Structure formats: structure tokens, C-alpha cells
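*Asks:* Would you mind keeping the following structure in view while I ask a few things?
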There are 2 protein chains.
Amino acid sequence: MTEPQRPPGARDVFRGRLVSVEVWPERYREIVRHPGSCAAVALEGGDVLMVRQLRDAVGERLLEIPAGTRDVEGEDPASCAAREVTEETGRRVASIEPLGWMYASPGFLDERVDLYLADLEPGEGAPSEEGIEVVRLPFAEAVRMATSGEIRDAKSVVGILLTAARRGA
Amino acid sequence: MTEPQRPPGARDVFRGRLVSVEVWPERYREIVRHPGSCAAVALEGGDVLMVRQLRDAVGERLLEIPAGTRDVEGEDPASCAAREVTEETGRRVASIEPLGWMYASPGFLDERVDLYLADLEPGEGAPSEEGIEVVRLPFAEAVRMATSGEIRDAKSVVGILLTAARRGA
């Protein structure tokens, strides 16, 4: 991300492999920098393929759309999203189109999440990542779970509801 | 937040006023801890009151629903959301009800955002915080902006689309 307004005196207090943290001294701010994420609503006919996995940050297994960090140098977000769909569901992507993008928590975090709608090729597959359970749902059931709070992950709720809006559901 | 699964060897690499960062050594993780947020879709008849303000983390002025950090000891999230509506719009809240809650970015961040639907009392008001512009929109226009990508903030998109789902819009 660009850092257009970094003031004099700003200090990098942590530089990790994933995130870094910047502290601004006068107009006091703690700002978390993240490389950005990609995610896709993966459709096969009237069904959506989601994944359930342990999220250590919250200590829960969450149901989410396939997603990942934009940590491959030079990879565009659509390719990132298609790659994550294949890694997490074991299924190949036939076509992918942009749904939009969002800031996850812009009050202190610069993470931008690029969202896509992916159509899967017919076939079978298994995730290449351990600890990931693939969950197949009728799309209408995913919409119900997004609006009822059974899906807790913000990017998944946004992706599913933007897809529903686009379909006029 | 509870930290139920903090493994031996986890280190606090930063402890700020707002966030802290934990590094797990073996199953390597960088985890950002945040006190949580509250936010409300503030309605007056068929209109919604939103706020536009500079978000330093992303270097842009963003249109969002009123929101804040849960940084007042002992304050429940509904009171937090009602207080933020009044501070940011200058308007009093007549009633408030839960819409749901979400994790902003559970891959590395424990921030939970509690979302409410607030009905405003009739009246006039001005924000008590500097640099905040209050934007009044027909609710249907806010839904259009949330689905078209003109609203970029995840909690605002989720809050508006959950409100629309509840109204059967």
C-alpha cells in the first residue's frame, strides 16, 4: 500500500513477515499494515463451495469463502483468488470476475480485500492444505447463513451478499 | 478477547494503546489483538445517517456508518454503538437493537464488530468530533452504494445489507 500521509516522527514498532505496525506520535495513531487479501465466492451451478478451518486469532473454526494473503510478488488479485480457490477446495476455476473490494477495518488497518466470483470447472477435488474442510451449500442457504449471523467472517458475508445482489436474489 | 489457544513460546512483540501483536513461534503466526468495535446503522424514517472522515490507515476519506472502538471499561456494545451515533452525528438514539456481529479479518486479527440498528429521535444536531461530515441518504441509495462498491468499509457494507435483508428490501 502507499503511505501518502506518513507524518514526520512516525516509527515502525514492529515489522513481521505478515504485518507491520506504525506509531504516529502527535496525532497519535497505531496503524497496522497488511499486504492485502484476495477471496472468491466459488460457484458450481446453484451451489457454493466454502471452507471451514481453525482461525488461531479468534480460537474458532470458521466457515469462510476461499481466501488468502496477497503475498506472491507480482501476482494480480484475480490470479491470487483463483489460486486460493484451487488450493483450498482442490477444484479448478473455469472463469473469474471481480465482485468489488473492501477495506477490512480502515480505522487502523490498511488491509484491502479484493473479492471475486469464480465459476468452477466440473470435477472432483480435495484441498491441498491440511485442516481445511470443504463445505458445499446451496447458494440460497449461504445467503441465509450470511444474514442470520451463522457466517461470521466479514469478507465472506460481503462476498455472498454482493453475489446475491448481482443475481437479484 | 480470550486467548484460549496461546501456545508456549508466544511473545508479545508490541503492546500499544489500541492494538497489541503476538508472535507464535512454531506454528508461526502473527496475531493482532484489538478490543473490538461497535457500529450502528442510524435510521430516521427512510433515511440513513452516515459519516465521512479521513482514515489515516488508508489515506482516504471514507463514508461509513457511525462506529467506534470498545475502549470504555464496562460499557456494553449497544451503549457503545448508541454513544458513537450521538458523538458522530449529534443525534440522540430513540431505540437500538442488535443486527449481528462479525469478525473483521479473522485470519490474523481478533477484532469483533458488534452491529446495531438505531432509530434516531427527531431533532437537529451536529457532530461533537472534528473533521466528521454527516451524510444523510435515502436508505435505498445506501444499499445501492454498498452493492456498487461506493462504500468501501466492510462493517458499513455488512450493516447496510443486513438491514436491507431484515426489511426484505
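A note on labels: chains of the C-alpha cells are A, B, ... as shown, every chain counts residues from 1, and ligands are counted from 1 in their shown order.
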List every residue of range 108-144 of chain A that has an atom at most 10 Å from any atom of range 22-33 of chain A, giving for each one its closest atom pair and the distance in Å to one decimal, counting only C-alpha atoms, sorted by chain and then by ascending residue number, as JSON lines.
*Replies:*
{"residue": "A:Phe108", "atom": "CA", "partner": "A:Ile31", "partner_atom": "CA", "distance": 4.9}
{"residue": "A:Leu109", "atom": "CA", "partner": "A:Val32", "partner_atom": "CA", "distance": 4.7}
{"residue": "A:Asp110", "atom": "CA", "partner": "A:Arg33", "partner_atom": "CA", "distance": 5.5}
{"residue": "A:Glu111", "atom": "CA", "partner": "A:Arg33", "partner_atom": "CA", "distance": 6.8}
*Asks:* Include all heavy atoms and write out the residues we just selected as a PDB file, in the first residue's frame.
*Replies:*
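Listing of selection-v6.pdb after writing:
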ATOM      1  N   PHE A 108      -7.854   1.467  11.535  1.00  0.00           N
ATOM      2  CA  PHE A 108      -6.450   1.311  11.973  1.00  0.00           C
ATOM      3  C   PHE A 108      -5.649   0.375  11.065  1.00  0.00           C
ATOM      4  O   PHE A 108      -4.440   0.243  11.251  1.00  0.00           O
ATOM      5  CB  PHE A 108      -6.390   0.770  13.415  1.00  0.00           C
ATOM      6  CG  PHE A 108      -6.789  -0.680  13.532  1.00  0.00           C
ATOM      7  CD1 PHE A 108      -5.811  -1.668  13.639  1.00  0.00           C
ATOM      8  CD2 PHE A 108      -8.113  -1.056  13.500  1.00  0.00           C
ATOM      9  CE1 PHE A 108      -6.168  -3.005  13.713  1.00  0.00           C
ATOM     10  CE2 PHE A 108      -8.471  -2.391  13.558  1.00  0.00           C
ATOM     11  CZ  PHE A 108      -7.510  -3.365  13.674  1.00  0.00           C
ATOM     12  N   LEU A 109      -6.310  -0.270  10.101  1.00  0.00           N
ATOM     13  CA  LEU A 109      -5.693  -1.345   9.309  1.00  0.00           C
ATOM     14  C   LEU A 109      -5.831  -1.007   7.829  1.00  0.00           C
ATOM     15  O   LEU A 109      -6.917  -0.641   7.385  1.00  0.00           O
ATOM     16  CB  LEU A 109      -6.456  -2.646   9.626  1.00  0.00           C
ATOM     17  CG  LEU A 109      -6.158  -3.887   8.793  1.00  0.00           C
ATOM     18  CD1 LEU A 109      -4.734  -4.378   9.029  1.00  0.00           C
ATOM     19  CD2 LEU A 109      -7.162  -5.001   9.133  1.00  0.00           C
ATOM     20  N   ASP A 110      -4.746  -1.160   7.054  1.00  0.00           N
ATOM     21  CA  ASP A 110      -4.850  -0.818   5.628  1.00  0.00           C
ATOM     22  C   ASP A 110      -5.226  -2.000   4.743  1.00  0.00           C
ATOM     23  O   ASP A 110      -5.226  -1.868   3.521  1.00  0.00           O
ATOM     24  CB  ASP A 110      -3.571  -0.128   5.126  1.00  0.00           C
ATOM     25  CG  ASP A 110      -2.386  -1.079   5.027  1.00  0.00           C
ATOM     26  OD1 ASP A 110      -2.519  -2.259   5.405  1.00  0.00           O
ATOM     27  OD2 ASP A 110      -1.315  -0.638   4.577  1.00  0.00           O
ATOM     28  N   GLU A 111      -5.563  -3.145   5.330  1.00  0.00           N
ATOM     29  CA  GLU A 111      -5.888  -4.334   4.520  1.00  0.00           C
ATOM     30  C   GLU A 111      -7.049  -4.082   3.558  1.00  0.00           C
ATOM     31  O   GLU A 111      -8.158  -3.740   3.981  1.00  0.00           O
ATOM     32  CB  GLU A 111      -6.266  -5.524   5.423  1.00  0.00           C
ATOM     33  CG  GLU A 111      -6.539  -6.792   4.602  1.00  0.00           C
ATOM     34  CD  GLU A 111      -7.103  -7.944   5.433  1.00  0.00           C
ATOM     35  OE1 GLU A 111      -7.344  -7.759   6.647  1.00  0.00           O
ATOM     36  OE2 GLU A 111      -7.314  -9.025   4.857  1.00  0.00           O
TER      37      GLU A 111
END
*Asks:* Check chain A with DSSP on the backbone and list each residue it calls strand (DSSP E or B), as a PyMOL selection string.
*Replies:* chain A and resi 11-15+20-24+29-33+37-44+47-55+60-64+67-69+93-103+109+112-120+133-138+153
*Asks:* Can you list, as a list in words, every residue of range 60-138 of chain A that DSSP puts in alpha helix (DSSP H)?
*Replies:* Pro77, Ala78, Ser79, Cys80, Ala81, Ala82, Arg83, Glu84, Val85, Thr86, Glu87, Glu88 and Thr89 of chain A
*Asks:* Now that the selection is made, can you save its residues with N, CA, C and O atoms as an mmCIF file, in the first residue's frame?
*Replies:*
data_model
loop_
_atom_site.group_PDB
_atom_site.id
_atom_site.type_symbol
_atom_site.label_atom_id
_atom_site.label_comp_id
_atom_site.auth_asym_id
_atom_site.auth_seq_id
_atom_site.Cartn_x
_atom_site.Cartn_y
_atom_site.Cartn_z
ATOM 1 N N PRO A 77 -4.588 -9.746 -8.263
ATOM 2 C CA PRO A 77 -5.542 -10.282 -7.276
ATOM 3 C C PRO A 77 -6.474 -11.356 -7.834
ATOM 4 O O PRO A 77 -6.863 -12.273 -7.101
ATOM 5 N N ALA A 78 -6.835 -11.292 -9.113
ATOM 6 C CA ALA A 78 -7.717 -12.324 -9.679
ATOM 7 C C ALA A 78 -6.995 -13.679 -9.699
ATOM 8 O O ALA A 78 -7.579 -14.720 -9.365
ATOM 9 N N SER A 79 -5.701 -13.665 -10.066
ATOM 10 C CA SER A 79 -4.935 -14.914 -10.070
ATOM 11 C C SER A 79 -4.760 -15.437 -8.650
ATOM 12 O O SER A 79 -4.807 -16.648 -8.402
ATOM 13 N N CYS A 80 -4.555 -14.524 -7.727
ATOM 14 C CA CYS A 80 -4.440 -14.894 -6.304
ATOM 15 C C CYS A 80 -5.721 -15.585 -5.839
ATOM 16 O O CYS A 80 -5.681 -16.651 -5.213
ATOM 17 N N ALA A 81 -6.860 -15.008 -6.190
ATOM 18 C CA ALA A 81 -8.145 -15.574 -5.758
ATOM 19 C C ALA A 81 -8.372 -16.950 -6.392
ATOM 20 O O ALA A 81 -8.794 -17.893 -5.722
ATOM 21 N N ALA A 82 -8.064 -17.075 -7.687
ATOM 22 C CA ALA A 82 -8.249 -18.370 -8.372
ATOM 23 C C ALA A 82 -7.326 -19.426 -7.764
ATOM 24 O O ALA A 82 -7.725 -20.577 -7.550
ATOM 25 N N ARG A 83 -6.088 -19.034 -7.459
ATOM 26 C CA ARG A 83 -5.141 -19.965 -6.836
ATOM 27 C C ARG A 83 -5.650 -20.422 -5.468
ATOM 28 O O ARG A 83 -5.591 -21.615 -5.122
ATOM 29 N N GLU A 84 -6.173 -19.484 -4.685
ATOM 30 C CA GLU A 84 -6.663 -19.860 -3.355
ATOM 31 C C GLU A 84 -7.864 -20.804 -3.450
ATOM 32 O O GLU A 84 -7.995 -21.737 -2.655
ATOM 33 N N VAL A 85 -8.746 -20.568 -4.423
ATOM 34 C CA VAL A 85 -9.882 -21.478 -4.598
ATOM 35 C C VAL A 85 -9.370 -22.893 -4.849
ATOM 36 O O VAL A 85 -9.829 -23.867 -4.234
ATOM 37 N N THR A 86 -8.389 -23.018 -5.740
ATOM 38 C CA THR A 86 -7.875 -24.352 -6.088
ATOM 39 C C THR A 86 -7.133 -24.988 -4.907
ATOM 40 O O THR A 86 -7.327 -26.165 -4.606
ATOM 41 N N GLU A 87 -6.310 -24.199 -4.206
ATOM 42 C CA GLU A 87 -5.579 -24.756 -3.066
ATOM 43 C C GLU A 87 -6.525 -25.201 -1.950
ATOM 44 O O GLU A 87 -6.295 -26.220 -1.307
ATOM 45 N N GLU A 88 -7.587 -24.427 -1.727
ATOM 46 C CA GLU A 88 -8.434 -24.700 -0.567
ATOM 47 C C GLU A 88 -9.579 -25.669 -0.856
ATOM 48 O O GLU A 88 -10.104 -26.297 0.052
ATOM 49 N N THR A 89 -9.995 -25.768 -2.117
ATOM 50 C CA THR A 89 -11.100 -26.689 -2.430
ATOM 51 C C THR A 89 -10.642 -27.849 -3.305
ATOM 52 O O THR A 89 -11.392 -28.816 -3.480
#
*Asks:* At a cut-off of 9 Å, can you tabulate as CSV every residue of chain A near chain B together with its closest atom pair and the distance in Å to one decimal, using only C-alpha atoms and ordering rows by chain then number?
*Replies:*
residue,atom,partner,partner_atom,distance
A:Met1,CA,B:Val58,CA,8.2
A:Thr2,CA,B:Val58,CA,8.3
A:Glu3,CA,B:Gly59,CA,7.2
A:Pro4,CA,B:Gly59,CA,6.5
A:Gln5,CA,B:Gly59,CA,6.4
A:Arg6,CA,B:Asp56,CA,8.5
A:Val13,CA,B:Phe14,CA,7.1
A:Phe14,CA,B:Phe14,CA,6.9
A:Gly16,CA,B:Glu30,CA,7.3
A:Arg17,CA,B:Glu30,CA,7.9
A:Leu18,CA,B:Glu30,CA,6.9
A:Val19,CA,B:Glu30,CA,7.3
A:Val21,CA,B:Phe14,CA,8.5
A:Val23,CA,B:Gly16,CA,8.8
A:Arg29,CA,B:Asp56,CA,8.2
A:Glu30,CA,B:Leu18,CA,6.9
A:Ile31,CA,B:Ala57,CA,5.7
A:Val32,CA,B:Ala57,CA,7.5
A:Arg33,CA,B:Ala57,CA,7.9
A:Arg55,CA,B:Gly107,CA,5.9
A:Asp56,CA,B:Gln5,CA,7.3
A:Ala57,CA,B:Phe108,CA,5.3
A:Val58,CA,B:Asp110,CA,5.2
A:Gly59,CA,B:Gln5,CA,6.4
A:Leu62,CA,B:Pro106,CA,8.6
A:Gly68,CA,B:Gly107,CA,8.7
A:Leu99,CA,B:Gly149,CA,8.7
A:Gly100,CA,B:Gly149,CA,6.0
A:Trp101,CA,B:Gly149,CA,6.9
A:Met102,CA,B:Arg152,CA,4.6
A:Tyr103,CA,B:Asp153,CA,5.1
A:Ala104,CA,B:Ala154,CA,5.4
A:Ser105,CA,B:Ala104,CA,6.2
A:Pro106,CA,B:Ala57,CA,6.2
A:Gly107,CA,B:Arg55,CA,5.9
A:Phe108,CA,B:Ala57,CA,5.2
A:Leu109,CA,B:Ala57,CA,5.6
A:Asp110,CA,B:Val58,CA,5.2
A:Glu111,CA,B:Val58,CA,8.4
A:Ala146,CA,B:Leu162,CA,8.6
A:Thr147,CA,B:Leu162,CA,5.8
A:Ser148,CA,B:Gly100,CA,7.7
A:Gly149,CA,B:Gly100,CA,6.0
A:Ile151,CA,B:Met102,CA,8.0
A:Arg152,CA,B:Met102,CA,4.6
A:Asp153,CA,B:Tyr103,CA,5.1
A:Ala154,CA,B:Ala104,CA,5.3
A:Lys155,CA,B:Ala154,CA,7.4
A:Val157,CA,B:Val158,CA,7.0
A:Val158,CA,B:Val158,CA,6.2
A:Leu161,CA,B:Leu161,CA,7.3
A:Leu162,CA,B:Thr147,CA,5.8
A:Ala165,CA,B:Thr147,CA,6.9
A:Arg166,CA,B:Thr147,CA,8.2
*Asks:* Take the selection from the previous step and output its residues with C-alpha atoms, as a PDB file, in the first residue's frame.
*Replies:*
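Now in selection.pdb:
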ATOM      1  CA  MET A   1       0.000   0.000   0.000  1.00  0.00           C
ATOM      2  CA  THR A   2       1.107   3.571  -0.479  1.00  0.00           C
ATOM      3  CA  GLU A   3       1.639   5.535   2.691  1.00  0.00           C
ATOM      4  CA  PRO A   4       0.887   9.019   1.406  1.00  0.00           C
ATOM      5  CA  GLN A   5       0.382  10.746   4.708  1.00  0.00           C
ATOM      6  CA  ARG A   6       3.006   9.248   6.963  1.00  0.00           C
ATOM      7  CA  VAL A  13       7.410  -0.518  16.080  1.00  0.00           C
ATOM      8  CA  PHE A  14       7.060  -4.000  14.532  1.00  0.00           C
ATOM      9  CA  GLY A  16       6.800  -9.028  10.776  1.00  0.00           C
ATOM     10  CA  ARG A  17       6.502 -11.450   7.903  1.00  0.00           C
ATOM     11  CA  LEU A  18       2.772 -10.653   7.500  1.00  0.00           C
ATOM     12  CA  VAL A  19       2.002  -7.340   9.202  1.00  0.00           C
ATOM     13  CA  VAL A  21       2.824  -1.669  12.900  1.00  0.00           C
ATOM     14  CA  VAL A  23       3.009   4.536  15.529  1.00  0.00           C
ATOM     15  CA  ARG A  29      -2.236   6.587  15.755  1.00  0.00           C
ATOM     16  CA  GLU A  30      -1.371   2.911  15.758  1.00  0.00           C
ATOM     17  CA  ILE A  31      -1.567   1.729  12.155  1.00  0.00           C
ATOM     18  CA  VAL A  32      -1.340  -1.914  11.091  1.00  0.00           C
ATOM     19  CA  ARG A  33      -0.029  -2.506   7.546  1.00  0.00           C
ATOM     20  CA  ARG A  55      -8.602 -19.413  12.859  1.00  0.00           C
ATOM     21  CA  ASP A  56      -5.993 -19.091  15.575  1.00  0.00           C
ATOM     22  CA  ALA A  57      -6.545 -15.346  16.028  1.00  0.00           C
ATOM     23  CA  VAL A  58     -10.103 -15.979  17.260  1.00  0.00           C
ATOM     24  CA  GLY A  59      -9.714 -19.556  18.515  1.00  0.00           C
ATOM     25  CA  LEU A  62     -14.964 -20.529  10.929  1.00  0.00           C
ATOM     26  CA  GLY A  68      -5.590 -15.744   1.116  1.00  0.00           C
ATOM     27  CA  LEU A  99     -17.205  -8.545  -7.397  1.00  0.00           C
ATOM     28  CA  GLY A 100     -15.653  -5.485  -5.763  1.00  0.00           C
ATOM     29  CA  TRP A 101     -13.238  -4.723  -2.977  1.00  0.00           C
ATOM     30  CA  MET A 102     -13.412  -3.547   0.616  1.00  0.00           C
ATOM     31  CA  TYR A 103     -11.281  -2.351   3.490  1.00  0.00           C
ATOM     32  CA  ALA A 104     -11.488  -4.878   6.347  1.00  0.00           C
ATOM     33  CA  SER A 105     -11.135  -2.345   9.198  1.00  0.00           C
ATOM     34  CA  PRO A 106      -9.975   1.033   7.908  1.00  0.00           C
ATOM     35  CA  GLY A 107      -9.914   2.759  11.310  1.00  0.00           C
ATOM     36  CA  PHE A 108      -6.450   1.311  11.973  1.00  0.00           C
ATOM     37  CA  LEU A 109      -5.693  -1.345   9.309  1.00  0.00           C
ATOM     38  CA  ASP A 110      -4.850  -0.818   5.628  1.00  0.00           C
ATOM     39  CA  GLU A 111      -5.888  -4.334   4.520  1.00  0.00           C
ATOM     40  CA  ALA A 146     -24.755 -14.720   5.968  1.00  0.00           C
ATOM     41  CA  THR A 147     -27.821 -12.740   7.021  1.00  0.00           C
ATOM     42  CA  SER A 148     -28.546 -14.816  10.150  1.00  0.00           C
ATOM     43  CA  GLY A 149     -25.020 -14.471  11.561  1.00  0.00           C
ATOM     44  CA  ILE A 151     -21.210 -16.832   8.861  1.00  0.00           C
ATOM     45  CA  ARG A 152     -19.049 -14.528  10.996  1.00  0.00           C
ATOM     46  CA  ASP A 153     -16.259 -13.596   8.620  1.00  0.00           C
ATOM     47  CA  ALA A 154     -16.779 -10.121   7.130  1.00  0.00           C
ATOM     48  CA  LYS A 155     -15.314 -10.794   3.661  1.00  0.00           C
ATOM     49  CA  VAL A 157     -20.654 -12.082   4.321  1.00  0.00           C
ATOM     50  CA  VAL A 158     -19.846  -9.258   1.883  1.00  0.00           C
ATOM     51  CA  LEU A 161     -24.391 -10.695  -0.270  1.00  0.00           C
ATOM     52  CA  LEU A 162     -22.771  -8.921  -3.251  1.00  0.00           C
ATOM     53  CA  ALA A 165     -27.402  -8.614  -5.150  1.00  0.00           C
ATOM     54  CA  ARG A 166     -25.854  -9.225  -8.567  1.00  0.00           C
TER      55      ARG A 166
END
*Asks:* Need the shell around Asp119 in chain B: protein/DNA/RNA residues with any atom at most 10 Å away, counting only C-alpha atoms. Skip same-chain ones fewer than 4 positions apart. Format as a PDB file with C-alpha atoms, in the first residue's frame?
*Replies:*
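What follows is the written file out-v4.pdb:
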ATOM      1  CA  ALA B  40     -24.807   1.225  14.091  1.00  0.00           C
ATOM      2  CA  VAL B  41     -26.946   1.791  11.040  1.00  0.00           C
ATOM      3  CA  ALA B  42     -28.647   5.026  12.143  1.00  0.00           C
ATOM      4  CA  LEU B  43     -32.120   5.435  10.643  1.00  0.00           C
ATOM      5  CA  GLU B  44     -34.535   8.319  10.579  1.00  0.00           C
ATOM      6  CA  GLY B  45     -37.618   7.288   8.686  1.00  0.00           C
ATOM      7  CA  VAL B  48     -29.756   6.677   6.983  1.00  0.00           C
ATOM      8  CA  ALA B  82     -25.570   4.453  20.721  1.00  0.00           C
ATOM      9  CA  ARG B  92     -29.951  11.108  20.043  1.00  0.00           C
ATOM     10  CA  VAL B  93     -30.940   7.475  19.740  1.00  0.00           C
ATOM     11  CA  ALA B  94     -34.578   6.568  20.453  1.00  0.00           C
ATOM     12  CA  SER B  95     -34.110   2.787  20.270  1.00  0.00           C
ATOM     13  CA  ILE B  96     -31.420   0.337  19.344  1.00  0.00           C
ATOM     14  CA  GLU B  97     -31.483  -3.361  18.504  1.00  0.00           C
TER      15      GLU B  97
END
*Asks:* Measure the distance from CA of Ile65 in chain B to CA of Leu117 in chain A in Å and round it to one decimal.
*Replies:*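 Those two atoms sit 26.2 Å apart.
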*Asks:* What is the distance, in Å and to one decimal place, between CA of Gly125 in chain A and CA of Ala140 in chain A?
*Replies:* 23.0 Å
*Asks:* For the atom pair CA of Gly90 in chain B and CA of Ala142 in chain B, what is the interatomic distance in Å to one decimal place?
*Replies:* 20.0 Å
*Asks:* Go through A:Ala118, A:Arg11, A:Pro98, A:Pro127 and flag the residue nearest Asp47 in chain A, using only C-alpha atoms for the distances.
*Replies:* A:Ala118
